[in-house]
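Text of start-v2.cif (mmCIF, C-alpha atoms) as supplied:
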```cif
data_my_file
loop_
_atom_site.label_atom_id
_atom_site.label_comp_id
_atom_site.auth_asym_id
_atom_site.auth_seq_id
_atom_site.Cartn_x
_atom_site.Cartn_y
_atom_site.Cartn_z
CA MET A 13 122.44 93.79 48.10
CA ILE A 14 125.28 91.37 48.41
CA GLY A 15 125.61 87.61 48.79
CA ASN A 16 128.45 85.11 48.90
CA ASP A 17 129.07 81.40 48.70
CA LEU A 18 132.10 79.19 49.17
CA VAL A 19 132.58 75.59 48.05
CA ASP A 20 135.34 73.52 49.65
CA LEU A 21 136.34 71.43 46.62
CA LYS A 22 137.76 68.52 48.58
CA LEU A 23 134.55 68.25 50.59
CA ALA A 24 132.40 68.71 47.47
CA THR A 25 134.13 65.67 45.96
CA LYS A 26 133.09 63.65 49.00
CA GLN A 27 129.60 65.13 49.49
CA SER A 28 128.29 65.21 45.94
CA ASN A 29 128.58 63.22 42.76
CA TRP A 30 127.89 65.67 39.95
CA GLN A 31 127.86 62.78 37.47
CA ARG A 32 124.95 61.16 39.26
CA LYS A 33 121.99 60.59 36.94
CA GLY A 34 119.61 63.55 37.12
CA PHE A 35 121.99 65.80 39.07
CA LEU A 36 122.82 68.24 36.25
CA ASP A 37 119.24 68.24 34.91
CA LYS A 38 117.77 69.22 38.28
CA LEU A 39 120.28 72.00 38.97
CA PHE A 40 121.36 73.53 35.69
CA THR A 41 119.70 75.13 32.66
CA PRO A 42 120.59 73.78 29.20
CA LYS A 43 122.94 76.75 28.70
CA GLU A 44 124.72 76.02 31.99
CA GLN A 45 124.98 72.33 31.15
CA GLY A 46 126.66 73.46 27.93
CA TYR A 47 129.27 75.39 29.95
CA ILE A 48 129.91 72.27 32.06
CA LEU A 49 130.10 69.73 29.27
CA ASN A 50 132.34 71.94 27.10
CA SER A 51 134.66 72.80 29.99
CA ASN A 52 138.22 71.47 30.34
CA ASN A 53 137.36 70.95 33.99
CA PRO A 54 133.66 70.07 34.31
CA PHE A 55 133.95 69.46 38.07
CA GLU A 56 135.27 72.99 38.61
CA THR A 57 132.61 74.50 36.33
CA VAL A 58 129.82 72.69 38.21
CA TRP A 59 130.93 74.26 41.48
CA LEU A 60 131.66 77.66 39.96
CA LEU A 61 128.10 77.84 38.60
CA TRP A 62 126.69 76.50 41.86
CA SER A 63 128.50 79.14 43.93
CA MET A 64 127.24 81.83 41.51
CA LYS A 65 123.67 80.61 41.99
CA GLU A 66 123.95 80.34 45.76
CA SER A 67 125.58 83.73 46.24
CA ALA A 68 123.00 85.49 44.04
CA TYR A 69 120.13 83.64 45.75
CA LYS A 70 121.43 84.77 49.16
CA ALA A 71 121.50 88.39 47.97
CA PHE A 72 118.04 88.02 46.41
CA LEU A 73 116.52 86.60 49.60
CA GLN A 74 117.52 89.69 51.59
CA THR A 75 114.84 91.77 49.84
CA HIS A 76 112.51 89.37 48.06
CA GLY A 77 109.97 87.09 49.67
CA ASN A 78 110.16 83.46 50.56
CA ARG A 79 112.75 80.72 50.31
CA PHE A 80 112.50 78.30 47.42
CA PHE A 81 114.55 75.51 45.88
CA ALA A 82 114.58 76.16 42.15
CA PRO A 83 118.21 76.20 41.02
CA LYS A 84 117.24 76.48 37.35
CA LYS A 85 115.42 79.75 38.03
CA LEU A 86 118.80 81.23 38.97
CA ALA A 87 120.13 81.60 35.43
CA CYS A 88 123.88 81.97 35.05
CA HIS A 89 125.78 83.65 32.27
CA LEU A 90 129.57 83.65 32.16
CA ILE A 91 131.32 86.85 31.08
CA SER A 92 134.84 85.57 31.68
CA LYS A 93 136.42 82.63 33.48
CA ASN A 94 135.64 84.15 36.88
CA THR A 95 132.97 86.81 36.30
CA GLY A 96 129.36 86.48 35.29
CA THR A 97 125.74 87.33 35.95
CA VAL A 98 122.84 85.52 37.57
CA LEU A 99 119.27 86.47 36.70
CA ILE A 100 116.59 85.72 39.32
CA ASN A 101 112.99 86.78 38.54
CA ASN A 102 114.19 89.78 36.50
CA VAL A 103 116.71 90.88 39.13
CA LEU A 104 120.24 90.85 37.75
CA PHE A 105 123.26 90.08 39.93
CA PHE A 106 126.89 90.39 38.95
CA THR A 107 129.34 87.80 40.24
CA GLU A 108 133.05 87.68 40.87
CA SER A 109 134.67 84.38 41.75
CA GLU A 110 137.97 83.25 43.12
CA ILE A 111 138.79 79.84 41.68
CA GLY A 112 141.53 78.00 43.56
CA ASP A 113 142.67 74.42 44.05
CA ALA A 114 141.15 74.24 47.52
CA PHE A 115 137.95 76.26 47.11
CA ILE A 116 135.75 78.36 44.84
CA TYR A 117 134.44 81.56 46.35
CA THR A 118 131.86 83.83 44.72
CA VAL A 119 130.46 87.23 45.67
CA ALA A 120 127.22 88.37 43.98
CA PHE A 121 126.07 91.99 43.99
CA THR A 122 123.52 94.25 42.34
CA LYS A 123 124.63 96.96 39.92
CA ASN A 124 124.18 99.81 42.41
CA GLN A 125 126.53 98.00 44.76
CA ASP A 126 129.13 98.41 42.03
CA ASN A 127 131.91 96.39 43.53
CA ASN A 128 131.89 98.35 46.74
CA PHE A 129 132.34 95.62 49.30
CA LEU A 130 134.74 94.07 51.74
CA SER A 131 135.23 90.33 51.55
CA ASP A 132 137.41 87.95 53.52
CA CYS A 133 138.08 84.19 53.28
CA PHE A 134 139.60 82.16 56.09
CA GLU A 135 140.49 78.61 57.07
CA PHE A 136 139.07 76.96 60.20
CA ASP A 137 141.04 75.13 62.91
CA GLN A 138 138.28 72.50 63.08
CA PRO A 139 135.89 71.66 60.26
CA ASP A 140 132.92 70.79 62.49
CA PHE A 141 129.69 72.72 61.94
CA GLU A 142 129.74 74.49 65.33
CA THR A 143 133.29 75.80 64.83
CA GLN A 144 132.50 76.96 61.29
CA HIS A 145 129.39 78.73 62.47
CA SER A 146 130.82 80.50 65.52
CA GLN A 147 134.13 81.51 63.90
CA THR A 148 132.33 82.94 60.85
CA TYR A 149 130.02 85.01 63.09
CA GLN A 150 132.98 86.22 65.15
CA LYS A 151 134.90 87.30 62.05
CA VAL A 152 132.07 89.33 60.57
CA LEU A 153 131.20 90.94 63.91
CA THR A 154 134.82 91.99 64.36
CA ALA A 155 134.85 93.49 60.86
CA PHE A 156 131.58 95.36 61.48
CA ALA A 157 132.81 96.66 64.85
CA TYR A 158 135.89 98.08 63.13
CA LYS A 159 133.96 99.55 60.20
CA LEU A 160 131.12 101.05 62.28
CA LYS A 161 133.41 102.07 65.17
CA LEU A 162 131.25 100.24 67.71
CA PRO A 163 132.21 97.85 70.50
CA VAL A 164 131.98 94.28 69.22
CA ALA A 165 130.21 93.21 72.43
CA GLN A 166 127.17 95.35 71.47
CA LEU A 167 126.80 93.75 68.05
CA LYS A 168 125.07 90.49 67.37
CA ILE A 169 123.67 88.52 64.47
CA LYS A 170 120.25 86.95 64.40
CA LYS A 171 118.62 85.07 61.57
CA ASN A 172 115.19 86.18 60.40
CA ILE A 173 112.38 83.78 59.53
CA GLN A 174 113.80 83.25 56.04
CA GLY A 175 117.13 82.23 57.57
CA VAL A 176 118.79 85.47 56.44
CA PRO A 177 121.35 86.70 59.01
CA GLN A 178 120.83 90.28 60.17
CA LEU A 179 123.03 92.62 62.18
CA PHE A 180 121.78 94.10 65.46
CA LEU A 181 123.15 96.84 67.70
CA GLY A 182 121.62 95.80 71.01
CA GLU A 183 118.00 95.25 69.95
CA MET A 184 118.15 97.63 66.98
CA LEU A 185 118.25 96.14 63.49
CA LEU A 186 120.97 97.67 61.32
CA LYS A 187 120.33 97.75 57.58
CA ASN A 188 123.80 96.74 56.43
CA SER A 189 123.76 94.10 53.70
CA PHE A 190 126.18 91.27 54.36
CA SER A 191 126.51 87.57 53.71
CA LEU A 192 128.18 84.61 55.39
CA THR A 193 129.26 81.26 54.02
CA HIS A 194 131.18 78.24 55.22
CA HIS A 195 131.85 74.82 53.83
CA GLY A 196 134.32 72.24 55.09
CA GLN A 197 137.65 73.77 55.97
CA PHE A 198 136.84 77.31 54.77
CA GLY A 199 134.59 80.24 55.54
CA ALA A 200 134.06 83.77 54.28
CA PHE A 201 132.07 86.91 54.86
CA THR A 202 131.30 89.89 52.71
CA ILE A 203 130.01 93.30 53.79
CA ALA A 204 128.49 95.93 51.49
CA PHE A 205 129.47 99.57 51.91
CA MET B 16 101.47 54.35 52.49
CA GLU B 17 100.85 55.43 56.10
CA LYS B 18 102.32 58.75 57.18
CA GLU B 19 104.51 57.08 59.82
CA ALA B 20 105.97 54.74 57.21
CA LEU B 21 106.59 57.69 54.88
CA ILE B 22 108.42 59.60 57.61
CA THR B 23 110.54 56.53 58.38
CA ALA B 24 111.44 56.15 54.69
CA LEU B 25 112.22 59.87 54.42
CA LYS B 26 114.41 59.74 57.53
CA LYS B 27 116.45 56.98 55.95
CA ILE B 28 116.87 59.09 52.80
CA VAL B 29 118.04 62.28 54.53
CA LYS B 30 120.32 60.60 57.08
CA PRO B 31 123.53 60.65 54.97
CA TYR B 32 123.20 64.42 54.37
CA ILE B 33 122.27 65.82 57.79
CA GLN B 34 124.67 67.92 59.86
CA ASP B 35 122.58 68.23 63.02
CA GLU B 36 122.09 64.93 64.84
CA GLU B 37 119.79 66.34 67.50
CA ALA B 38 117.39 67.85 64.96
CA PHE B 39 117.50 64.54 63.10
CA GLU B 40 116.61 62.57 66.24
CA ASN B 41 113.68 64.92 66.80
CA LEU B 42 112.59 64.98 63.17
CA SER B 43 108.91 65.84 62.76
CA GLU B 44 106.66 67.24 60.04
CA ASN B 45 107.81 70.73 60.96
CA THR B 46 111.50 69.96 60.44
CA ASP B 47 113.21 72.16 57.84
CA PHE B 48 115.85 70.36 55.75
CA ILE B 49 118.24 73.31 55.61
CA LYS B 50 117.47 75.38 58.72
CA ASP B 51 117.09 72.44 61.14
CA LEU B 52 118.93 69.45 59.68
CA LYS B 53 121.61 71.76 58.20
CA ILE B 54 121.59 69.83 54.95
CA ASN B 55 123.92 71.47 52.46
CA SER B 56 121.78 73.06 49.73
CA ALA B 57 123.73 71.18 47.04
CA ASN B 58 122.75 67.93 48.81
CA LEU B 59 119.06 68.85 48.70
CA VAL B 60 119.11 67.70 45.09
CA ASP B 61 120.42 64.30 46.28
CA VAL B 62 117.52 64.07 48.72
CA ILE B 63 115.13 64.80 45.84
CA LEU B 64 116.82 62.27 43.52
CA ASP B 65 116.74 59.67 46.31
CA VAL B 66 113.04 60.38 46.90
CA GLU B 67 112.42 59.83 43.17
CA ASP B 68 114.33 56.54 43.20
CA THR B 69 112.84 55.23 46.46
CA PHE B 70 109.21 55.97 45.61
CA ASP B 71 109.55 55.63 41.85
CA ILE B 72 108.05 59.08 41.24
CA ILE B 73 109.12 62.22 39.35
CA VAL B 74 109.47 65.38 41.42
CA ASP B 75 108.81 68.11 38.85
CA ASN B 76 110.40 71.58 39.09
CA GLU B 77 107.29 73.14 40.58
CA SER B 78 107.16 70.57 43.40
CA MET B 79 110.91 70.71 43.96
CA GLU B 80 110.67 74.46 44.52
CA LYS B 81 108.64 73.85 47.71
CA MET B 82 110.59 70.88 49.01
CA LEU B 83 112.27 72.60 51.96
CA THR B 84 110.52 70.85 54.84
CA VAL B 85 109.50 67.34 55.86
CA LYS B 86 105.86 68.45 55.62
CA ALA B 87 106.23 69.65 52.03
CA ALA B 88 108.13 66.51 51.07
CA LEU B 89 105.40 64.27 52.54
CA GLU B 90 102.70 66.20 50.66
CA ILE B 91 104.59 65.94 47.38
CA ILE B 92 105.32 62.22 47.80
CA THR B 93 101.69 61.48 48.76
CA THR B 94 100.35 63.45 45.77
CA LYS B 95 102.74 61.84 43.30
CA LEU B 96 102.01 58.34 44.64
CA SER B 97 98.27 58.90 44.32
CA GLU B 98 98.73 59.95 40.68
CA LYS B 99 100.44 56.69 39.80
#
```
Written form, structure tokens:
Amino acid sequence: MIGNDLVDLKLATKQSNWQRKGFLDKLFTPKEQGYILNSNNPFETVWLLWSMKESAYKAFLQTHGNRFFAPKKLACHLISKNTGTVLINNVLFFTESEIGDAFIYTVAFTKNQDNNFLSDCFEFDQPDFETQHSQTYQKVLTAFAYKLKLPVAQLKIKKNIQGVPQLFLGEMLLKNSFSLTHHGQFGAFTIAF
Amino acid sequence: MEKEALITALKKIVKPYIQDEEAFENLSENTDFIKDLKINSANLVDVILDVEDTFDIIVDNESMEKMLTVKAALEIITTKLSEK
């Protein structure tokens, strides 16, 4: 299973105030709060940990039950500046992050996935929700069409009841694990092989 | 507090975070914060903190876990208010 999450840092500055009273306590475990408060760049660490949690949660949701909002149950551990693990109900995910000035992008995967994935980040022409959504879908469908050697017109994505996007060939559900993310000016997809 | 008044108060709280105006205009008990209103998941915590401030209640972790829809939020707020 694979999941991804991207945070547009400029937009995150506008959308969220991580120093708001209660914010860190509701989202982060004591260990994670330690990473943030001891960091040279707490803002960056907040969004790194958040993207780790979100990407692992998105991978988790593909095979396990119902949606929930319990950020502290997604427990992060940092291995290096840009790699780590997230433990969710005894399922362990490994994460790899790209930390830039404009965005932080994380891919989370289970051990058996062992790094075997294709991932692509891109910038949108327009940052409105509709553009983000349709361009992200188009990008991943094009990548799948190329990989599976199928005409892109026959592929489509539909979300299941949990909000997890799934790939269809006509009406047939394909089992490929993939994940989509977009925030502000940037989007990304990742596909498991 | 009457349900209608609660929904009005909740609408005011979520307004700054929504990304789908139409779903917001049609907000009902069945509205999902993320799927329908397209609230960024990181902003869901702001909704919860605002709910705590507005109603002067504490939304514990167990309640927060379920707070994905208007219906769940109303149930949690009503329960917490009745415990005061």
Listing only residues of chain A within 6 Å of chain B, what is the closest atom pair and its distance in Å (to one decimal) for each, using only C-alpha atoms, sorted by chain and residue number ascending, as JSON lines?
```
{"residue": "A:Phe80", "atom": "CA", "partner": "B:Glu80", "partner_atom": "CA", "distance": 5.1}
{"residue": "A:Phe81", "atom": "CA", "partner": "B:Glu80", "partner_atom": "CA", "distance": 4.2}
{"residue": "A:Ala82", "atom": "CA", "partner": "B:Glu80", "partner_atom": "CA", "distance": 4.9}
```
### Message
Using Å and a single decimal, report how far CA of Pro83 in chain A sits from CA of Gly175 in chain A.
### Response
17.6 Å
### Message
Assuming the chain letters and numbering stay as they are in my file, what does the PyMOL selection byres ((chain A and resi 63) around 7) actually select? List them as a ChimeraX atom specification.
### Response
/A:17-19,59-62,64-67,117-118
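Distance check against Leu153 in chain A using all atoms listed in the file: of A:Leu73, A:Pro139, A:Leu192, A:Asn128, the minimum falls on A:Leu192.
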### Message
Can you spell out as an NGL selection string the set of residues that the PyMOL selection byres ((chain A and resi 195) around 12) selects in the structure I just provided?
### Response
(:A and (16-24 or 27 or 63 or 114-117 or 133-136 or 138-145 or 148 or 192-194 or 196-200)) or (:B and (34 or 53-57))
The selected residues should be written to file as a PDB file, in the coordinates of the input (atoms: C-alpha atoms).
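Okay, this is what ended up in again-v3.pdb:
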```pdb
ATOM      1  CA  ASN A  16     128.450  85.110  48.900  1.00  0.00           C
ATOM      2  CA  ASP A  17     129.070  81.400  48.700  1.00  0.00           C
ATOM      3  CA  LEU A  18     132.100  79.190  49.170  1.00  0.00           C
ATOM      4  CA  VAL A  19     132.580  75.590  48.050  1.00  0.00           C
ATOM      5  CA  ASP A  20     135.340  73.520  49.650  1.00  0.00           C
ATOM      6  CA  LEU A  21     136.340  71.430  46.620  1.00  0.00           C
ATOM      7  CA  LYS A  22     137.760  68.520  48.580  1.00  0.00           C
ATOM      8  CA  LEU A  23     134.550  68.250  50.590  1.00  0.00           C
ATOM      9  CA  ALA A  24     132.400  68.710  47.470  1.00  0.00           C
ATOM     10  CA  GLN A  27     129.600  65.130  49.490  1.00  0.00           C
ATOM     11  CA  SER A  63     128.500  79.140  43.930  1.00  0.00           C
ATOM     12  CA  ALA A 114     141.150  74.240  47.520  1.00  0.00           C
ATOM     13  CA  PHE A 115     137.950  76.260  47.110  1.00  0.00           C
ATOM     14  CA  ILE A 116     135.750  78.360  44.840  1.00  0.00           C
ATOM     15  CA  TYR A 117     134.440  81.560  46.350  1.00  0.00           C
ATOM     16  CA  CYS A 133     138.080  84.190  53.280  1.00  0.00           C
ATOM     17  CA  PHE A 134     139.600  82.160  56.090  1.00  0.00           C
ATOM     18  CA  GLU A 135     140.490  78.610  57.070  1.00  0.00           C
ATOM     19  CA  PHE A 136     139.070  76.960  60.200  1.00  0.00           C
ATOM     20  CA  GLN A 138     138.280  72.500  63.080  1.00  0.00           C
ATOM     21  CA  PRO A 139     135.890  71.660  60.260  1.00  0.00           C
ATOM     22  CA  ASP A 140     132.920  70.790  62.490  1.00  0.00           C
ATOM     23  CA  PHE A 141     129.690  72.720  61.940  1.00  0.00           C
ATOM     24  CA  GLU A 142     129.740  74.490  65.330  1.00  0.00           C
ATOM     25  CA  THR A 143     133.290  75.800  64.830  1.00  0.00           C
ATOM     26  CA  GLN A 144     132.500  76.960  61.290  1.00  0.00           C
ATOM     27  CA  HIS A 145     129.390  78.730  62.470  1.00  0.00           C
ATOM     28  CA  THR A 148     132.330  82.940  60.850  1.00  0.00           C
ATOM     29  CA  LEU A 192     128.180  84.610  55.390  1.00  0.00           C
ATOM     30  CA  THR A 193     129.260  81.260  54.020  1.00  0.00           C
ATOM     31  CA  HIS A 194     131.180  78.240  55.220  1.00  0.00           C
ATOM     32  CA  GLY A 196     134.320  72.240  55.090  1.00  0.00           C
ATOM     33  CA  GLN A 197     137.650  73.770  55.970  1.00  0.00           C
ATOM     34  CA  PHE A 198     136.840  77.310  54.770  1.00  0.00           C
ATOM     35  CA  GLY A 199     134.590  80.240  55.540  1.00  0.00           C
ATOM     36  CA  ALA A 200     134.060  83.770  54.280  1.00  0.00           C
TER      37      ALA A 200
ATOM     38  CA  GLN B  34     124.670  67.920  59.860  1.00  0.00           C
ATOM     39  CA  LYS B  53     121.610  71.760  58.200  1.00  0.00           C
ATOM     40  CA  ILE B  54     121.590  69.830  54.950  1.00  0.00           C
ATOM     41  CA  ASN B  55     123.920  71.470  52.460  1.00  0.00           C
ATOM     42  CA  SER B  56     121.780  73.060  49.730  1.00  0.00           C
ATOM     43  CA  ALA B  57     123.730  71.180  47.040  1.00  0.00           C
TER      44      ALA B  57
END
```
### Query
What does the distance between CA of Thr69 in chain B and CA of Lys95 in chain B come to in Å, to one decimal place?
12.5 Å
### Message
For this structure, which residues satisfy the selection - the PyMOL selection byres ((chain B and resi 18) around 10) - when it is evaluated on the file as given? I want them as a PyMOL selection string.
### Response
chain B and resi 16-17+19-24+44+89-90+93
### Query
What is the distance, in Å and to one decimal place, between CA of Phe55 in chain A and CA of Lys33 in chain A?
14.9 Å
### Query
Which is closer to Ser43 in chain B than all the others in B:Thr94, B:Phe70, B:Ile28, B:Thr84, using only C-alpha atoms?
B:Thr84
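Using only C-alpha atoms for every distance, the candidate list B:Leu96, B:Glu67, B:Ile73, B:Ile33 yields B:Ile33 as the residue closest to Asp51 in chain B.
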Could you work out an axis-aligned bounding box for all listed atoms of range 36-45 of chain A, with 3 Å added on each of the six sides, and give its centre and edge lengths in Å to one decimal, as AutoDock Vina command-line options?
```
--center_x 121.4 --center_y 72.5 --center_z 33.8 --size_x 13.2 --size_y 14.5 --size_z 16.3
```
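For range 202-205 of chain A, the non-local neighbours within 8 Å, defined as residues at least 3 positions apart in the same chain or in other chains and counting all atoms listed in the file, are Met13, Ile14, Gly15, Asn16, Val119, Gln125, Asn128, Phe129, Leu130, Ser131, Asp132, Val152, Asn188, Ser189, Phe190, Ser191 and Leu192 of chain A.
Summary of the local environment: counting only C-alpha atoms, residues at most 6 Å from range 39-43 of chain A, other than itself and those fewer than 3 positions away along its chain, are Leu36, Gly46, Pro83 and Lys84 of chain A.
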### Query
Can you list, as a ChimeraX atom specification, every protein, DNA or RNA residue that comes within 8 Å of Leu104 in chain A when you count all atoms listed in the file, leaving out same-chain residues fewer than 5 positions away?
/A:97-99,122-123
Those selected residues, please, written with C-alpha atoms and delivered as an mmCIF file, in the frame of the given file.
```cif
data_model
loop_
_atom_site.group_PDB
_atom_site.id
_atom_site.type_symbol
_atom_site.label_atom_id
_atom_site.label_comp_id
_atom_site.auth_asym_id
_atom_site.auth_seq_id
_atom_site.Cartn_x
_atom_site.Cartn_y
_atom_site.Cartn_z
ATOM 1 C CA THR A 97 125.740 87.330 35.950
ATOM 2 C CA VAL A 98 122.840 85.520 37.570
ATOM 3 C CA LEU A 99 119.270 86.470 36.700
ATOM 4 C CA THR A 122 123.520 94.250 42.340
ATOM 5 C CA LYS A 123 124.630 96.960 39.920
#
```
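Residue nearest Phe39 in chain B within the list B:Ile72, B:Ile92, B:Val62, B:Val85: B:Val85 [criterion: smallest interatomic distance, only C-alpha atoms].
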